[in-house]
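Visitor: Contents of upload08.cif (mmCIF, C-alpha atoms and all ligand atoms):
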data_upload
loop_
_atom_site.label_atom_id
_atom_site.label_comp_id
_atom_site.auth_asym_id
_atom_site.auth_seq_id
_atom_site.Cartn_x
_atom_site.Cartn_y
_atom_site.Cartn_z
CA LEU A 1 92.22 132.07 111.94
CA LYS A 2 89.80 130.09 109.83
CA VAL A 3 90.90 127.19 107.69
CA ASP A 4 88.85 125.74 104.86
CA SER A 5 89.48 122.01 104.75
CA SER A 6 88.05 121.66 101.25
CA LYS A 7 90.82 123.95 100.03
CA ILE A 8 93.41 121.73 101.69
CA LEU A 9 91.97 118.72 99.91
CA LYS A 10 92.32 120.58 96.63
CA GLY A 11 96.00 121.07 97.40
CA ASP A 12 95.91 124.78 98.23
CA ARG A 13 99.37 125.44 99.69
CA ARG A 14 98.46 128.58 101.59
CA GLU A 15 95.57 126.86 103.28
CA LEU A 16 97.82 123.89 104.04
CA ALA A 17 100.37 126.17 105.66
CA ARG A 18 97.67 127.80 107.77
CA ALA A 19 96.29 124.46 108.85
CA ILE A 20 99.76 123.33 109.88
CA SER A 21 100.17 126.43 112.02
CA LEU A 22 96.84 125.68 113.62
CA VAL A 23 97.81 122.10 114.41
CA GLU A 24 101.07 123.34 115.93
CA ASN A 25 99.70 126.22 117.96
CA GLU A 26 96.00 125.63 118.57
CA PRO A 27 95.54 121.90 119.18
CA ASP A 28 91.78 122.14 119.65
CA LEU A 29 91.16 124.01 116.40
CA GLY A 30 93.76 121.81 114.71
CA SER A 31 91.91 118.68 115.80
CA GLU A 32 88.78 119.98 114.12
CA ILE A 33 90.62 120.26 110.78
CA ILE A 34 92.10 116.79 111.21
CA ARG A 35 88.61 115.44 111.89
CA GLN A 36 87.48 116.90 108.58
CA ILE A 37 90.32 115.60 106.43
CA PHE A 38 91.12 112.33 108.20
CA SER A 39 89.21 110.01 105.87
CA LYS A 40 91.27 111.37 102.97
CA THR A 41 94.61 110.46 104.55
CA GLY A 42 96.70 107.30 104.59
CA ARG A 43 97.67 107.57 100.95
CA ALA A 44 101.15 109.11 101.17
CA TYR A 45 104.38 107.20 101.63
CA VAL A 46 105.91 108.57 104.81
CA ILE A 47 109.66 108.25 105.12
CA GLY A 48 111.28 108.96 108.49
CA ILE A 49 114.91 110.04 108.38
CA THR A 50 116.58 109.97 111.75
CA GLY A 51 120.01 109.61 113.29
CA PRO A 52 122.51 111.50 115.44
CA PRO A 53 123.19 115.22 114.90
CA GLY A 54 125.16 116.16 111.82
CA THR A 55 125.23 112.82 110.05
CA GLY A 56 123.90 114.37 106.84
CA LYS A 57 120.17 113.83 107.10
CA SER A 58 119.17 117.17 105.55
CA THR A 59 121.75 116.82 102.79
CA LEU A 60 120.35 113.40 102.02
CA VAL A 61 116.77 114.68 101.97
CA ASN A 62 117.78 117.34 99.47
CA ARG A 63 119.46 114.72 97.30
CA LEU A 64 116.47 112.40 97.42
CA ILE A 65 113.92 115.00 96.35
CA PRO A 66 114.93 115.05 92.64
CA TYR A 67 114.50 111.27 92.41
CA PHE A 68 110.94 111.48 93.65
CA LYS A 69 110.25 114.42 91.38
CA SER A 70 111.47 112.43 88.41
CA LYS A 71 108.62 110.02 89.17
CA GLU A 72 106.12 112.88 89.12
CA LYS A 73 105.66 112.76 92.86
CA GLN A 74 104.63 115.68 95.00
CA VAL A 75 107.04 115.85 97.91
CA GLY A 76 106.44 117.14 101.42
CA VAL A 77 109.25 117.64 103.90
CA VAL A 78 108.80 118.03 107.65
CA ALA A 79 112.02 118.99 109.40
CA ILE A 80 111.84 118.81 113.15
CA ASP A 81 114.16 121.43 114.54
CA PRO A 82 116.01 120.05 117.46
CA SER A 83 115.74 122.13 120.57
CA SER A 84 118.80 120.33 121.87
CA PRO A 85 121.84 122.55 122.31
CA ILE A 86 123.98 119.78 120.81
CA SER A 87 122.60 120.24 117.36
CA GLY A 88 120.82 123.55 117.73
CA GLY A 89 123.72 125.24 116.03
CA ALA A 90 122.96 123.51 112.78
CA LEU A 91 119.50 125.02 112.68
CA LEU A 92 120.11 127.95 110.43
CA GLY A 93 122.28 125.85 108.14
CA ASP A 94 119.44 123.40 107.89
CA ARG A 95 117.06 126.07 106.74
CA VAL A 96 119.49 127.33 104.16
CA ARG A 97 120.04 123.89 102.76
CA MET A 98 116.32 123.25 102.72
CA LEU A 99 115.83 126.40 100.72
CA GLU A 100 117.33 124.63 97.73
CA HIS A 101 113.91 123.26 96.94
CA SER A 102 111.72 125.81 98.62
CA LEU A 103 110.73 127.64 95.45
CA ASP A 104 109.78 124.43 93.75
CA PRO A 105 105.98 124.10 93.40
CA SER A 106 106.11 120.31 93.67
CA VAL A 107 107.94 120.45 96.99
CA PHE A 108 106.39 121.66 100.24
CA ILE A 109 108.77 122.20 103.14
CA ARG A 110 107.89 122.89 106.71
CA SER A 111 110.00 122.92 109.83
CA MET A 112 108.66 122.43 113.32
CA ALA A 113 110.07 123.22 116.71
CA SER A 114 110.29 120.28 119.05
CA ARG A 115 110.11 122.28 122.31
CA GLY A 116 111.47 119.26 124.14
CA ASP A 117 108.06 117.66 124.43
CA LEU A 118 108.38 114.38 122.57
CA GLY A 119 104.86 113.13 123.09
CA GLY A 120 103.46 116.45 121.90
CA LEU A 121 105.90 116.50 119.05
CA SER A 122 104.96 113.15 117.61
CA ARG A 123 101.31 114.08 117.97
CA ALA A 124 101.74 117.32 116.08
CA THR A 125 104.06 115.71 113.55
CA LYS A 126 101.51 113.03 112.82
CA ASP A 127 98.88 115.65 112.17
CA VAL A 128 101.19 117.74 109.97
CA VAL A 129 101.92 114.61 107.94
CA ARG A 130 98.18 113.98 107.65
CA LEU A 131 97.57 117.50 106.40
CA MET A 132 100.28 117.15 103.76
CA ASP A 133 98.89 113.75 102.82
CA ALA A 134 95.39 115.19 102.43
CA ALA A 135 96.79 118.04 100.35
CA GLY A 136 98.16 115.57 97.83
CA MET A 137 101.78 115.00 98.81
CA ASP A 138 102.74 111.54 97.58
CA ILE A 139 105.98 111.34 99.50
CA ILE A 140 106.49 112.86 102.93
CA LEU A 141 110.00 112.98 104.33
CA VAL A 142 110.19 113.55 108.08
CA GLU A 143 113.62 114.50 109.39
CA THR A 144 114.27 114.22 113.13
CA VAL A 145 117.46 114.24 115.10
CA GLY A 146 117.53 110.92 116.84
CA ILE A 147 118.79 111.22 120.32
CA GLY A 148 117.30 108.47 122.41
CA GLN A 149 113.52 108.55 122.44
CA ALA A 150 113.06 110.55 119.25
CA GLU A 151 114.11 107.69 117.04
CA ILE A 152 111.54 105.46 118.66
CA GLU A 153 108.85 108.11 118.20
CA ILE A 154 109.52 108.27 114.46
CA MET A 155 108.17 104.72 114.17
CA ASN A 156 104.77 106.03 115.14
CA VAL A 157 104.82 108.49 112.28
CA ALA A 158 106.68 106.88 109.39
CA ASP A 159 105.99 103.92 107.11
CA VAL A 160 109.71 103.36 106.79
CA VAL A 161 112.48 104.44 109.12
CA VAL A 162 115.87 105.38 107.69
CA VAL A 163 118.63 105.72 110.25
CA VAL A 164 121.57 107.80 109.06
CA ILE A 165 124.92 107.32 110.72
CA MET A 166 128.46 108.22 109.73
CA PRO A 167 131.84 106.51 110.06
CA GLU A 168 133.45 108.83 112.54
CA LEU A 169 130.77 108.28 115.17
CA GLY A 170 132.59 105.23 116.52
CA ASP A 171 131.41 104.61 120.04
CA GLU A 172 128.21 106.46 119.48
CA VAL A 173 127.22 103.90 116.89
CA GLN A 174 127.79 101.18 119.41
CA ALA A 175 125.71 103.01 121.96
CA MET A 176 122.92 103.62 119.50
CA LYS A 177 122.77 100.12 118.18
CA SER A 178 120.76 98.83 121.08
CA GLY A 179 117.96 101.31 120.59
CA ILE A 180 118.22 101.93 116.90
CA THR A 181 118.52 98.42 115.58
CA GLU A 182 114.88 97.85 116.33
CA VAL A 183 113.59 100.94 114.57
CA ALA A 184 115.75 100.98 111.44
CA ASP A 185 114.24 99.53 108.30
CA VAL A 186 117.12 101.04 106.37
CA PHE A 187 120.58 101.97 107.61
CA VAL A 188 122.51 104.63 105.74
CA VAL A 189 126.20 104.97 106.37
CA ASN A 190 126.71 108.49 105.05
CA LYS A 191 129.97 110.43 104.68
CA ALA A 192 131.57 107.33 103.24
CA ASP A 193 134.22 109.68 101.85
CA LEU A 194 135.53 110.08 105.38
CA GLY A 195 136.75 106.52 105.43
CA ASN A 196 136.09 103.47 107.56
CA ALA A 197 132.54 103.19 106.19
CA ASP A 198 133.06 99.64 104.97
CA LYS A 199 133.91 98.37 108.40
CA ILE A 200 130.68 99.80 109.82
CA LEU A 201 128.79 98.51 106.82
CA LEU A 202 130.06 95.00 107.41
CA ASN A 203 129.14 95.25 111.05
CA LEU A 204 125.62 96.42 110.28
CA GLU A 205 125.18 93.73 107.66
CA ARG A 206 126.27 91.07 110.09
CA PHE A 207 123.70 92.06 112.69
CA ARG A 208 120.79 93.00 110.52
CA TYR A 209 117.54 91.22 111.12
CA THR A 210 114.40 90.42 109.18
CA ARG A 211 111.05 91.71 110.32
CA ASN A 212 107.72 91.09 108.63
CA GLY A 213 109.56 89.75 105.63
CA TRP A 214 111.78 92.81 105.24
CA LYS A 215 115.50 92.39 105.71
CA GLN A 216 117.05 95.57 107.08
CA ALA A 217 118.78 97.29 104.17
CA VAL A 218 122.20 98.85 104.48
CA VAL A 219 123.26 101.61 102.09
CA LYS A 220 126.50 103.54 101.77
CA THR A 221 126.26 107.15 100.64
CA VAL A 222 128.17 110.36 100.17
CA ALA A 223 125.26 112.78 100.38
CA LYS A 224 127.55 115.70 99.67
CA THR A 225 128.23 114.45 96.15
CA GLY A 226 125.11 112.35 95.69
CA GLN A 227 126.99 109.08 95.51
CA GLY A 228 124.85 106.13 96.59
CA VAL A 229 121.69 108.22 96.90
CA GLN A 230 120.14 106.41 93.97
CA ASP A 231 120.69 103.13 95.82
CA LEU A 232 118.85 104.55 98.79
CA PHE A 233 116.04 105.73 96.53
CA LYS A 234 115.75 102.24 95.06
CA VAL A 235 115.66 100.66 98.50
CA LEU A 236 112.86 103.04 99.48
CA GLU A 237 110.92 102.16 96.34
CA ASP A 238 111.49 98.52 97.03
CA TYR A 239 110.21 98.91 100.57
CA GLU A 240 107.13 100.74 99.34
CA ASN A 241 106.42 98.00 96.82
CA THR A 242 106.92 95.32 99.45
CA PHE A 243 104.76 96.94 102.10
CA LYS A 244 102.72 99.97 101.35
CA SER A 245 100.82 98.59 98.39
CA LYS A 246 100.10 95.30 100.08
CA ARG A 247 99.00 97.09 103.22
CA ALA A 248 101.31 94.84 105.21
CA LEU A 249 102.06 97.90 107.28
CA ARG A 250 98.64 97.51 108.77
CA GLU A 251 100.00 96.10 112.01
CA ARG A 252 102.24 99.13 112.52
CA GLU A 253 99.31 101.39 111.70
CA GLU A 254 97.10 99.73 114.25
CA SER A 255 99.62 99.77 117.04
CA GLY A 256 100.29 103.44 116.29
CA ALA A 257 96.56 104.11 116.40
CA GLU A 258 96.29 102.37 119.74
CA LYS A 259 99.01 104.54 121.21
CA GLU A 260 97.41 107.63 119.79
CA ILE A 261 93.97 106.83 121.17
CA LEU A 262 95.49 106.23 124.60
CA GLN A 263 97.37 109.53 124.39
CA TYR A 264 94.16 111.35 123.59
CA LEU A 265 92.32 109.60 126.39
CA GLU A 266 94.94 110.83 128.80
CA ILE A 267 94.75 114.37 127.49
CA LEU A 268 90.98 114.55 127.30
CA ILE A 269 90.25 112.97 130.66
CA ARG A 270 92.84 115.12 132.36
CA LYS A 271 91.38 118.21 130.76
CA LYS A 272 87.85 117.30 131.77
CA ILE A 273 88.92 116.77 135.35
CA GLU A 274 91.01 119.93 135.48
CA LEU A 275 88.09 122.00 134.28
CA LYS A 276 85.79 120.56 136.91
CA ILE A 277 88.11 120.88 139.87
CA ARG A 278 89.22 124.37 138.95
CA ASP A 279 85.65 125.53 139.37
CA ASN A 280 84.87 123.92 142.69
CA GLN A 281 88.18 124.39 144.52
CA ARG A 282 88.33 120.66 145.12
CA LEU A 283 91.99 120.50 144.18
CA SER A 284 93.05 123.08 146.72
CA SER A 285 90.95 121.59 149.51
CA LEU A 286 92.44 118.13 148.86
CA ALA A 287 95.91 119.63 148.63
CA SER A 288 95.39 121.10 152.04
CA ASP A 289 94.28 117.69 153.32
CA VAL A 290 97.43 116.14 151.91
CA ALA A 291 99.58 118.82 153.55
CA ASP A 292 97.88 118.05 156.86
CA ARG A 293 98.47 114.32 156.32
CA ARG A 294 94.76 113.61 156.40
CA ILE A 295 95.01 111.87 153.02
CA ASP A 296 97.83 110.67 150.77
CA PRO A 297 98.23 112.13 147.24
CA ARG A 298 97.18 109.04 145.35
CA SER A 299 94.04 108.64 147.41
CA ALA A 300 93.29 112.32 146.81
CA ALA A 301 93.53 111.74 143.06
CA GLU A 302 91.28 108.70 143.39
CA THR A 303 88.80 110.82 145.33
CA ILE A 304 88.69 113.33 142.50
CA ILE A 305 88.18 110.63 139.89
CA ARG A 306 85.33 109.22 141.94
CA GLU A 307 83.71 112.59 142.42
CA VAL A 308 84.17 113.96 138.92
CA LEU A 309 83.81 110.91 136.72
CA GLY A 310 81.79 108.74 139.06
CA TRP A 311 84.32 105.92 138.72
CA ASN A 312 85.30 103.67 141.59
N1 LIG B 401 132.27 114.77 104.07
C1 LIG B 401 130.96 114.73 103.97
N2 LIG B 401 130.22 115.69 104.55
C2 LIG B 401 128.89 115.62 104.44
C3 LIG B 401 128.24 114.57 103.74
N3 LIG B 401 126.91 114.75 103.82
C4 LIG B 401 126.72 115.87 104.53
N4 LIG B 401 127.90 116.40 104.91
C5 LIG B 401 128.13 117.60 105.70
O1 LIG B 401 127.84 117.34 107.05
C6 LIG B 401 127.30 118.51 107.66
C7 LIG B 401 125.97 118.19 108.31
O2 LIG B 401 125.06 117.87 107.29
P1 LIG B 401 123.50 117.97 107.50
O3 LIG B 401 122.86 117.47 106.26
O4 LIG B 401 123.11 119.29 108.00
O5 LIG B 401 123.33 116.91 108.67
P2 LIG B 401 122.02 116.67 109.55
O6 LIG B 401 122.09 115.24 109.94
O7 LIG B 401 120.82 117.13 108.83
O8 LIG B 401 122.29 117.59 110.80
P3 LIG B 401 121.25 117.94 111.99
O9 LIG B 401 119.92 118.18 111.36
O10 LIG B 401 121.81 119.14 112.64
O11 LIG B 401 121.26 116.74 112.88
C8 LIG B 401 127.20 119.57 106.59
O12 LIG B 401 128.31 120.38 106.66
C9 LIG B 401 127.23 118.74 105.31
O13 LIG B 401 127.74 119.44 104.21
C10 LIG B 401 129.07 113.57 103.12
O14 LIG B 401 128.60 112.62 102.51
N5 LIG B 401 130.42 113.71 103.28
MG MG B 402 119.28 118.38 109.48
#
What is this file in structure tokens?
Guide:
Amino acid sequence: LKVDSSKILKGDRRELARAISLVENEPDLGSEIIRQIFSKTGRAYVIGITGPPGTGKSTLVNRLIPYFKSKEKQVGVVAIDPSSPISGGALLGDRVRMLEHSLDPSVFIRSMASRGDLGGLSRATKDVVRLMDAAGMDIILVETVGIGQAEIEIMNVADVVVVVIMPELGDEVQAMKSGITEVADVFVVNKADLGNADKILLNLERFRYTRNGWKQAVVKTVAKTGQGVQDLFKVLEDYENTFKSKRALREREESGAEKEILQYLEILIRKKIELKIRDNQRLSSLASDVADRRIDPRSAAETIIREVLGWN
């Protein structure tokens, strides 16, 4: 599978799709493409949409798309399919709903499997976003089901994080607050038609905080009918005007880059070592030493590092 990065940069959708597959399935080949397009990325506005299963994230994404299109924006959508059995049932429904815009030439939709590996997921997601960015998508919406760690991971990918909750969650909202409050730039209380939304809204408004000059926004929507979606769109525009253009997101970018470099260091060093010790049987001889209690596991690892990398 060969991918021509110059075609991606010209916005060729087929080449983009192939590159995305490569990034997902062949990390080494994928990295090569990313290397080639990287300097042309960082232009798109990346919007993370997260929140518990079934709160209406996909419905909201569908409703937002026309607003971006009305501003002549090319829209990319990355939907991370949850591998979790809790929400796995909604998978097919998700695809069907996504199809609404799938024949639209100004919208590019891609779903990815999470395979339960969050670190790997955010790495691949970041690269998929970069490919879409390089291919000319102005707006990239990344939908993830936020259960625990996932909603933190989205911060490393998105310029703005939208957390979608719904009235009937009750206790779950309480439970989430601790983790989610820090990641949400925008709170959406969707399914306001189901009642009790105002109470949650008031609660969220009371506890919202200001970070880097941005006061957490709180929006009430009924994604099913489209009510309130324009408000959300305006908040997202507002956020972009406040941050993206002024490059005040730089700090977030840099801390994300730091994490990513460290992740790659871990992967690359581990790979280098694994290759070396597979050849010379060092791993199995040390394993045997550990089994015989001649050396403890950590010291065995340190021995390998010393031998392979020459580090003390
Ligand atoms: N009553 C009501 N139902 C809604 C609203 N928005 C979405 N729904 C319904 O809620 C269900 C879940 O919507 P989705 O958009 O798939 O939710 P999701 O958050 O993407 O779900 P997962 O991706 O599985 O986590 C669907 O049956 C929607 O039709 C709303 O504003 N009001
Ligand atoms: Mg969904």
Visitor: Could you list, as a count of residues only, every residue within 10 Å of A:Leu16, counting all atoms listed in the file and ignoring same-chain residues fewer than 5 positions away?
Guide: 16
Visitor: Report as a tab-separated table: every residue of chain A with an atom at most 6 Å from ligand LIG 401 (chain B), its closest pair of atoms, and their distance in Å to one decimal, counting only C-alpha atoms and all ligand atoms, with rows sorted by chain and ascending residue number.
Guide:
residue	atom	partner	partner_atom	distance
A:Pro52	CA	B:LIG401	O11	6.0
A:Pro53	CA	B:LIG401	O11	3.2
A:Gly54	CA	B:LIG401	O8	3.4
A:Thr55	CA	B:LIG401	O6	4.0
A:Gly56	CA	B:LIG401	O5	3.2
A:Lys57	CA	B:LIG401	O6	3.7
A:Ser58	CA	B:LIG401	O7	3.7
A:Thr59	CA	B:LIG401	O3	3.7
A:Ser87	CA	B:LIG401	O10	4.9
A:Ala90	CA	B:LIG401	O10	4.5
A:Asp94	CA	B:LIG401	O4	5.5
A:Val145	CA	B:LIG401	O11	5.1
A:Asn190	CA	B:LIG401	O14	5.2
A:Lys191	CA	B:LIG401	O14	3.4
A:Asp193	CA	B:LIG401	N5	5.7
A:Leu194	CA	B:LIG401	N1	5.9
A:Val222	CA	B:LIG401	O14	3.3
A:Ala223	CA	B:LIG401	O14	4.0
A:Lys224	CA	B:LIG401	C3	4.3
Visitor: Residues near A:Asn212, anyone? I mean within 10 Å using only C-alpha atoms, not counting same-chain ones fewer than 3 positions away, as a list of chain:residue names.
Guide: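 These residues fall inside the cut-off: A:Lys215, A:Phe243, A:Ala248, A:Leu249, A:Glu251.
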Visitor: Show which residues sit within 8 Å of stretch 268-281 of chain A, as a ChimeraX atom specification. Count only C-alpha atoms, and ignore same-chain residues fewer than 6 positions away.
Guide: /A:304-305,308-309
Visitor: Mind writing the picked residues with C-alpha atoms as a PDB file, in the coordinates of the input?
Guide:
ATOM      1  CA  ILE A 304      88.690 113.330 142.500  1.00  0.00           C
ATOM      2  CA  ILE A 305      88.180 110.630 139.890  1.00  0.00           C
ATOM      3  CA  VAL A 308      84.170 113.960 138.920  1.00  0.00           C
ATOM      4  CA  LEU A 309      83.810 110.910 136.720  1.00  0.00           C
TER       5      LEU A 309
END
Visitor: Name the closest residue to A:Asp238 among the candidates A:Val160, A:Pro167, A:Leu265, A:Ala197; distances are taken between atoms, counting all atoms listed in the file.
Guide: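 Counting all atoms listed in the file, the residue closest to A:Asp238 is A:Val160.
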Visitor: In Å, how far is it from atom CA of A:Gln230 to atom CA of A:Thr125?
Guide: 27.0 Å
Visitor: Between A:Tyr45, A:Trp214, A:Tyr239, A:Tyr264, which residue has the minimum interatomic distance to A:Met137, considering all atoms listed in the file?
Guide: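 Checking each candidate against A:Met137, we get A:Tyr45 as the closest.
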Visitor: If you measure from atom CA of A:Val218 to atom CA of A:Ser111, what distance in Å do you get, rounded to one decimal?
Guide: 27.5 Å
Visitor: Between A:Gly226, A:Gly42, A:Gly213, A:Gly146, single out the one closest to A:Asp81, counting all atoms listed in the file.
Guide: A:Gly146
Visitor: Mind giving me the straight-line distance from atom CA of A:Tyr209 to atom CA of A:Phe68 in Å, one decimal?
Guide: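 Calculated distance between atom CA of A:Tyr209 and atom CA of A:Phe68 is 27.6 Å.
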Visitor: Return the single residue from A:Asp198, A:Glu143, A:Glu302, A:Asp231 that is closest to ligand MG 402 (chain B), with distances computed using all atoms listed in the file.
Guide: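 Checking each candidate against ligand MG 402 (chain B), we get A:Glu143 as the closest.
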